[in-house]
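Read the structure below first, then the notes.
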Amino acid sequence: MSELTVPSQATAPAAESGLMVQAEQVHKSFGHLEVLKGIDLEVRSGEVCCLLGPSGSGKSTFLRCINHLEKINAGRIRVDGELIGYREHGGKLHELRQKEVAAQRRSIGMVFQRFNLFPHMTALENVIEAPVRVKREPKAAARERAEALLARVGLGDKMGNYPGQLSGGQQQRVAIARALAMQPKLMLFDEPTSALDPELVGEVLDVMKDLARDGMTMIVVTHEIGFAREVGDSLVFMDGGVVVEQGNPREVIANPQHDRTKAFLAKVL
Amino acid sequence: MKSEEATTVRARPEPIKAVPVRHPGRWITVAVLAVLAAMFVHVLVTNKAFNWSFMVDKMFRPPIIEGLLRGTVLMTVLAMLIGVTLGVLIAIMRLSDNPILRGVGWLYTWFFRAVPRLVLLAVFGNIGILWSRIEFGVPFDTQLGQLFGIDNLQLRLFGFSSRDILTGFMAGLLGLALSEAAYMAEIVRAGIQSVDGGQTEAAQALGMSRGQLLRRVVLPQAMRVIIPPTGNETIAMLKDTSLLLYVPVSVELFFQLDAVGKRTFQIFPMYVAACLWYLFLTSILLAGQYFLERHFGKGYDQTQRARDRLRTITAEQGGGGGQGAAG
Ligand SMILES: Nc1ncnc2c1ncn2[C@@H]1O[C@H](COP(=O)(O)OP(=O)(O)OP(=O)(O)O)[C@@H](O)[C@H]1O
Ligand SMILES: [Mg+2]
């Protein structure tokens, strides 16, 4: 099982600093609304970082900035030492071309709250699509790996199903397999279980725990406190576009320092 | 779960045998329609002006069949091919981030949707009046030459005599295809906009380029929305080839039938023949549309079929079930 999971490049370049994600003073506004007001965050290679916070605090926005689905207005985001979305040259920032941004996104997997599987493709086709089209892998090899990945998330018997023929939990597991098929060095999860019936949450969390055990670097936006406590290496609590508190998940959950953290945890626990 | 046990344990009730509701209104309607139909058939059979034998004799003649194949069928196919391709391009232009491309796309659809097709065809048919030759080169070359004191400067790359290239067929094709592109652009744009934004995001997050995400993710899903109106457009196009009479395009079904009618003073039978031919051709297209819609419903109608299958299973088991959600 485990030999499939973590791509070899995950550990290589990040080794110098050991940091997979470095965000410095990230600001993001939509029009006049400033959603991120200077986020500093560091995630070490192989670490699971859980991002908590009330609705509208900017968690999704921050996650989308990391793979440049949103352009940041100020600050820097580096993934594996590489500046995201820009090139620093002669003291100036140059925007990367679409092609270069796409290349950066290849090594960052993302899992969405609403799965966003391609409905016109079967589970297997969903997983094969990017390796074949984007990475130009030979189809047979991609297929073999996709089958192994789907088997790993417990869907070996559902490969020919269209997303509409799968339950929510199954769809989300296909979505995780689809992201893993690109052999990313970092996985971003945006509330991967909040659109699921309670009975289906466990099967998705199990896959994520498995992934964490295998050393995948993950940033997980979640309201699953149990998951954060059990699997998280760090917990970041955001509110109003700033990081209010961060630290060891078990310590923060058991003994929150900040009033806003206390209030939030009281509600979700 | 409790109710499931209950229903399986309890005996199945007797099937319902009830007296159905009577519908006297329906029978009256049927009677009235039958009388009207009989009157219609009576006219068809007894009115000499229909001249059926003459019509059947003429409507399969070689010039008419040739007109049907080239001026109607081939023209429809070519005009739709060009129209759809150009329409997709213009739709993409209109959804582009580039304001100039957006503007050009808007201008195009505005112009070609505002001018009636019939007028457009008449214009294209007579465009030879404007230029005897169509040439490509540096614009305003002669005028620019005068600015720099060169007399009659001509920087032309290549050209054709417009009579060679803008034959009736080409002029007609151009008019129909360009006009179709404007309508198709609107249809494709609506289709693309109907695709959930999460699809684009997921494709981008996987590192797909803009072209890949359009071709592989967005357009195939937009097809579900695009295909039905495109079918209607194709049918409309087939019928609009009769407007080629005004270009004029002589190798065309309606031109030919009309000509025979005028020559023989049997106009009405030939117009009836036109009706029958267009009925026949559009019926074929309607059948084709049905199969296309089924094909592009992939992943959607399967869901529906799966659901239906489930419903039958549960119905057979007497209302049990529960396989729906989990699995
Ligand atoms: N594309 C956008 N345009 C304008 N405003 C936006 C956009 N996306 C997000 N916002 C706003 O930014 C704020 C933060 O949104 P975000 O989705 O990041 O919150 P969140 O922490 O993920 O909340 P939730 O827990 O509900 O998902 C919200 O006030 C939202 O309305
Ligand atoms: Mg969110």
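Naming works like this for the structure tokens: A, B, ... for the chains as they're shown, residue 1 at the start of each chain, ligands 1 onward in shown order.
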
| query | Hey, which residues come within 12 Å of ligand 1 if we count only C-alpha atoms and all ligand atoms? Could you give them as an MDAnalysis selection string? | reply | (chainID A and resid 27:37 51:65 69:71 112:114 189:195 220:223 237:243) or (chainID B and resid 197)

Take the residues that were just selected and, keeping N, CA and C atoms, output them as a compact mmCIF listing (two decimals), in the first residue's frame.
# COMPACT_ATOMS: atom_id res chain seq x y z
N HIS A 27 -1.46 39.21 1.67
CA HIS A 27 -2.65 40.06 1.67
C HIS A 27 -3.47 39.75 0.43
N LYS A 28 -4.78 39.74 0.61
CA LYS A 28 -5.64 39.53 -0.55
C LYS A 28 -6.94 40.32 -0.37
N SER A 29 -7.30 41.09 -1.39
CA SER A 29 -8.56 41.83 -1.34
C SER A 29 -9.42 41.46 -2.53
N PHE A 30 -10.72 41.44 -2.31
CA PHE A 30 -11.68 41.40 -3.42
C PHE A 30 -12.31 42.77 -3.47
N GLY A 31 -11.93 43.58 -4.44
CA GLY A 31 -12.43 44.95 -4.47
C GLY A 31 -11.98 45.68 -3.22
N HIS A 32 -12.95 46.19 -2.47
CA HIS A 32 -12.59 46.93 -1.25
C HIS A 32 -12.49 46.02 -0.04
N LEU A 33 -12.96 44.79 -0.20
CA LEU A 33 -13.00 43.87 0.93
C LEU A 33 -11.64 43.19 1.10
N GLU A 34 -10.95 43.49 2.19
CA GLU A 34 -9.67 42.82 2.44
C GLU A 34 -9.94 41.54 3.20
N VAL A 35 -9.66 40.42 2.53
CA VAL A 35 -10.02 39.12 3.08
C VAL A 35 -8.84 38.52 3.86
N LEU A 36 -7.63 38.69 3.34
CA LEU A 36 -6.44 38.22 4.04
C LEU A 36 -5.62 39.44 4.42
N LYS A 37 -5.30 39.54 5.71
CA LYS A 37 -4.64 40.77 6.19
C LYS A 37 -3.26 40.46 6.74
N LEU A 51 -6.12 23.88 9.30
CA LEU A 51 -6.50 25.29 9.29
C LEU A 51 -7.94 25.37 9.78
N LEU A 52 -8.14 26.06 10.88
CA LEU A 52 -9.49 26.20 11.45
C LEU A 52 -9.90 27.66 11.45
N GLY A 53 -11.18 27.88 11.51
CA GLY A 53 -11.64 29.25 11.63
C GLY A 53 -13.09 29.38 11.25
N PRO A 54 -13.75 30.43 11.73
CA PRO A 54 -15.16 30.60 11.40
C PRO A 54 -15.38 30.87 9.92
N SER A 55 -16.61 30.74 9.50
CA SER A 55 -16.96 30.97 8.10
C SER A 55 -16.62 32.41 7.71
N GLY A 56 -16.03 32.55 6.53
CA GLY A 56 -15.70 33.88 6.05
C GLY A 56 -14.38 34.42 6.56
N SER A 57 -13.63 33.59 7.30
CA SER A 57 -12.37 34.07 7.85
C SER A 57 -11.25 34.08 6.82
N GLY A 58 -11.49 33.50 5.65
CA GLY A 58 -10.50 33.56 4.57
C GLY A 58 -9.70 32.28 4.39
N LYS A 59 -10.17 31.17 4.97
CA LYS A 59 -9.42 29.92 4.86
C LYS A 59 -9.34 29.44 3.42
N SER A 60 -10.50 29.39 2.74
CA SER A 60 -10.51 28.93 1.35
C SER A 60 -9.68 29.86 0.49
N THR A 61 -9.84 31.15 0.71
CA THR A 61 -9.10 32.12 -0.09
C THR A 61 -7.60 31.89 0.07
N PHE A 62 -7.14 31.69 1.30
CA PHE A 62 -5.72 31.47 1.52
C PHE A 62 -5.24 30.20 0.80
N LEU A 63 -6.03 29.14 0.90
CA LEU A 63 -5.67 27.89 0.25
C LEU A 63 -5.56 28.09 -1.27
N ARG A 64 -6.50 28.86 -1.82
CA ARG A 64 -6.50 29.09 -3.26
C ARG A 64 -5.35 29.99 -3.70
N CYS A 65 -4.85 30.79 -2.76
CA CYS A 65 -3.67 31.61 -3.09
C CYS A 65 -2.43 30.73 -3.23
N LEU A 69 -4.76 30.07 -7.61
CA LEU A 69 -6.09 30.23 -8.19
C LEU A 69 -6.57 31.65 -7.90
N GLU A 70 -6.03 32.25 -6.85
CA GLU A 70 -6.24 33.68 -6.58
C GLU A 70 -4.89 34.37 -6.59
N LYS A 71 -4.86 35.56 -7.14
CA LYS A 71 -3.63 36.38 -7.14
C LYS A 71 -3.56 37.14 -5.84
N PHE A 112 -11.49 19.59 -3.24
CA PHE A 112 -12.49 20.62 -2.98
C PHE A 112 -13.63 20.10 -2.14
N GLN A 113 -14.30 21.05 -1.51
CA GLN A 113 -15.47 20.70 -0.70
C GLN A 113 -16.53 20.00 -1.54
N ARG A 114 -16.74 20.51 -2.76
CA ARG A 114 -17.79 19.93 -3.61
C ARG A 114 -17.22 19.00 -4.66
N PHE A 189 -6.44 20.57 1.10
CA PHE A 189 -7.80 20.06 1.27
C PHE A 189 -8.68 21.20 1.76
N ASP A 190 -9.72 21.53 1.02
CA ASP A 190 -10.63 22.59 1.47
C ASP A 190 -11.93 21.97 1.96
N GLU A 191 -12.06 21.82 3.24
CA GLU A 191 -13.23 21.20 3.87
C GLU A 191 -13.70 19.96 3.10
N PRO A 192 -12.81 18.95 3.01
CA PRO A 192 -13.13 17.81 2.15
C PRO A 192 -14.32 16.98 2.63
N THR A 193 -14.72 17.16 3.88
CA THR A 193 -15.82 16.31 4.37
C THR A 193 -17.08 17.09 4.70
N SER A 194 -17.08 18.42 4.47
CA SER A 194 -18.26 19.17 4.94
C SER A 194 -19.48 19.01 4.05
N ALA A 195 -19.30 18.47 2.83
CA ALA A 195 -20.49 18.27 1.99
C ALA A 195 -21.01 16.84 2.13
N VAL A 220 -4.90 21.22 5.58
CA VAL A 220 -6.28 20.76 5.61
C VAL A 220 -7.16 21.79 6.31
N VAL A 221 -8.07 22.38 5.53
CA VAL A 221 -9.10 23.23 6.15
C VAL A 221 -10.20 22.29 6.60
N THR A 222 -10.52 22.31 7.87
CA THR A 222 -11.50 21.34 8.35
C THR A 222 -12.18 21.81 9.63
N HIS A 223 -13.35 21.27 9.87
CA HIS A 223 -14.01 21.49 11.15
C HIS A 223 -13.97 20.21 11.98
N PHE A 237 -5.30 28.70 13.71
CA PHE A 237 -6.65 29.23 13.84
C PHE A 237 -6.70 30.62 13.23
N MET A 238 -7.58 30.77 12.22
CA MET A 238 -7.70 32.04 11.52
C MET A 238 -9.02 32.69 11.86
N ASP A 239 -9.01 34.01 11.94
CA ASP A 239 -10.27 34.75 12.06
C ASP A 239 -10.08 36.14 11.48
N GLY A 240 -11.04 36.57 10.70
CA GLY A 240 -10.99 37.92 10.13
C GLY A 240 -9.76 38.19 9.28
N GLY A 241 -9.25 37.15 8.63
CA GLY A 241 -8.14 37.35 7.70
C GLY A 241 -6.77 37.40 8.37
N VAL A 242 -6.70 37.06 9.65
CA VAL A 242 -5.38 36.97 10.30
C VAL A 242 -5.27 35.65 11.06
N VAL A 243 -4.02 35.25 11.31
CA VAL A 243 -3.80 34.06 12.12
C VAL A 243 -3.88 34.50 13.57
N GLY B 197 -18.41 26.48 -12.28
CA GLY B 197 -17.08 27.09 -12.14
C GLY B 197 -16.08 26.16 -11.45

| Residues within 8 Å of Gly215 in chain A, only C-alpha atoms, excluding chain neighbours under 3 positions, as a PyMOL selection string | chain A and resi 6+46-47+211-212

Expected file: the selected residues, C-alpha atoms, as a compact mmCIF listing (two decimals), in the first residue's frame:
# COMPACT_ATOMS: atom_id res chain seq x y z
CA VAL A 6 4.55 9.58 -1.57
CA GLY A 46 5.87 15.88 5.67
CA GLU A 47 3.78 17.90 8.09
CA LEU A 211 -1.82 9.71 3.35
CA ALA A 212 -0.51 11.60 6.37

Contact residues (chain A, partner chain B, 8 Å, only C-alpha atoms) as a compact mmCIF listing (two decimals) with N, CA, C and O atoms, in the first residue's frame:
# COMPACT_ATOMS: atom_id res chain seq x y z
N ASN A 67 -2.04 27.82 -4.55
CA ASN A 67 -1.78 27.32 -5.91
C ASN A 67 -2.20 28.37 -6.97
O ASN A 67 -2.45 28.03 -8.11
N LEU A 69 -4.76 30.07 -7.61
CA LEU A 69 -6.09 30.23 -8.19
C LEU A 69 -6.57 31.65 -7.90
O LEU A 69 -7.44 32.17 -8.60
N GLN A 98 0.85 31.98 -18.03
CA GLN A 98 -0.13 30.94 -17.70
C GLN A 98 0.49 29.54 -17.68
O GLN A 98 0.20 28.73 -16.81
N LYS A 99 1.35 29.31 -18.66
CA LYS A 99 1.99 28.00 -18.79
C LYS A 99 2.85 27.68 -17.56
O LYS A 99 2.85 26.57 -17.06
N VAL A 101 2.57 29.06 -14.56
CA VAL A 101 1.70 28.88 -13.40
C VAL A 101 1.13 27.46 -13.40
O VAL A 101 1.12 26.77 -12.37
N ALA A 102 0.70 27.01 -14.59
CA ALA A 102 0.17 25.65 -14.71
C ALA A 102 1.21 24.63 -14.28
O ALA A 102 0.89 23.65 -13.59
N ALA A 103 2.46 24.87 -14.65
CA ALA A 103 3.52 23.94 -14.29
C ALA A 103 3.70 23.90 -12.77
O ALA A 103 3.91 22.82 -12.19
N GLN A 104 3.58 25.06 -12.11
CA GLN A 104 3.71 25.07 -10.65
C GLN A 104 2.56 24.31 -9.99
O GLN A 104 2.74 23.63 -8.99
N ARG A 105 1.37 24.42 -10.59
CA ARG A 105 0.20 23.78 -9.99
C ARG A 105 0.28 22.26 -10.06
O ARG A 105 -0.37 21.56 -9.28
N ARG A 106 1.06 21.75 -11.03
CA ARG A 106 1.12 20.29 -11.18
C ARG A 106 1.59 19.60 -9.93
O ARG A 106 1.21 18.47 -9.66
N ILE A 108 1.11 20.59 -6.90
CA ILE A 108 0.26 20.90 -5.75
C ILE A 108 -1.13 20.32 -6.00
O ILE A 108 -1.83 20.74 -6.91
N GLY A 109 -1.50 19.32 -5.22
CA GLY A 109 -2.82 18.70 -5.41
C GLY A 109 -3.86 19.47 -4.61
O GLY A 109 -3.56 20.03 -3.56
N MET A 110 -5.09 19.50 -5.14
CA MET A 110 -6.13 20.19 -4.39
C MET A 110 -7.41 19.37 -4.37
O MET A 110 -7.80 18.80 -5.38
N PHE A 112 -11.49 19.59 -3.24
CA PHE A 112 -12.49 20.62 -2.98
C PHE A 112 -13.63 20.10 -2.14
O PHE A 112 -13.93 18.91 -2.13
N ARG A 114 -16.74 20.51 -2.76
CA ARG A 114 -17.79 19.93 -3.61
C ARG A 114 -17.22 19.00 -4.66
O ARG A 114 -17.75 18.87 -5.75
N ASN A 116 -15.90 18.38 -7.30
CA ASN A 116 -15.55 18.87 -8.64
C ASN A 116 -14.93 17.80 -9.52
O ASN A 116 -13.99 18.07 -10.27
N LEU A 117 -15.46 16.60 -9.46
CA LEU A 117 -15.04 15.58 -10.42
C LEU A 117 -15.60 15.95 -11.78
O LEU A 117 -16.59 16.65 -11.88
N PHE A 118 -14.94 15.45 -12.83
CA PHE A 118 -15.44 15.72 -14.18
C PHE A 118 -16.59 14.74 -14.45
O PHE A 118 -16.36 13.53 -14.55
N PRO A 119 -17.82 15.23 -14.55
CA PRO A 119 -18.97 14.33 -14.57
C PRO A 119 -19.09 13.49 -15.84
O PRO A 119 -19.77 12.48 -15.85
N HIS A 120 -18.40 13.93 -16.91
CA HIS A 120 -18.52 13.19 -18.18
C HIS A 120 -17.44 12.12 -18.30
O HIS A 120 -17.30 11.52 -19.36
N MET A 121 -16.67 11.93 -17.26
CA MET A 121 -15.63 10.90 -17.29
C MET A 121 -15.87 9.91 -16.15
O MET A 121 -16.34 10.31 -15.08
N THR A 122 -15.49 8.64 -16.38
CA THR A 122 -15.61 7.66 -15.31
C THR A 122 -14.57 7.96 -14.24
O THR A 122 -13.69 8.80 -14.44
N ALA A 130 -5.25 13.98 -16.05
CA ALA A 130 -4.14 14.92 -15.90
C ALA A 130 -2.77 14.29 -16.17
O ALA A 130 -1.97 14.87 -16.90
N ARG A 133 -2.73 13.97 -20.09
CA ARG A 133 -2.82 15.22 -20.88
C ARG A 133 -1.79 16.24 -20.44
O ARG A 133 -1.25 16.96 -21.26
N VAL A 134 -1.56 16.35 -19.13
CA VAL A 134 -0.70 17.41 -18.63
C VAL A 134 0.75 16.94 -18.55
O VAL A 134 1.65 17.62 -19.01
N TYR A 162 -19.47 6.51 -13.37
CA TYR A 162 -19.43 7.97 -13.52
C TYR A 162 -19.67 8.60 -12.15
O TYR A 162 -20.31 7.96 -11.28
N PRO A 163 -19.17 9.82 -11.93
CA PRO A 163 -19.35 10.45 -10.62
C PRO A 163 -20.81 10.44 -10.16
O PRO A 163 -21.08 10.23 -8.97
N GLY A 164 -21.74 10.62 -11.09
CA GLY A 164 -23.15 10.61 -10.72
C GLY A 164 -23.63 9.28 -10.17
O GLY A 164 -24.70 9.19 -9.60
N GLN A 165 -22.82 8.25 -10.38
CA GLN A 165 -23.21 6.92 -9.89
C GLN A 165 -22.49 6.57 -8.59
O GLN A 165 -22.49 5.42 -8.18
N LEU A 166 -21.81 7.56 -8.00
CA LEU A 166 -21.07 7.31 -6.77
C LEU A 166 -21.66 8.14 -5.63
O LEU A 166 -22.20 9.22 -5.86
N SER A 167 -21.51 7.63 -4.41
CA SER A 167 -21.95 8.40 -3.25
C SER A 167 -20.97 9.55 -3.03
O SER A 167 -19.88 9.57 -3.61
N ALA A 179 -6.05 13.82 -7.51
CA ALA A 179 -4.97 14.75 -7.15
C ALA A 179 -3.66 14.01 -6.95
O ALA A 179 -2.61 14.46 -7.39
N MET A 182 -1.10 13.00 -9.88
CA MET A 182 -0.08 13.92 -10.39
C MET A 182 1.19 13.88 -9.55
O MET A 182 2.11 14.65 -9.77

| What's the 9 Å shell around range 107-111 of chain B, counting only C-alpha atoms, without same-chain residues fewer than 2 positions away, as a VMD selection string? | chain B and resid 90 102 to 105 113 to 115 179 181 to 183 185 to 186

| message | So, with only C-alpha atoms and all ligand atoms as the atoms that count, which of A:His258, A:Val111, A:Val127, A:Gly85 lies closest to ligand 2? | response | A:Val111
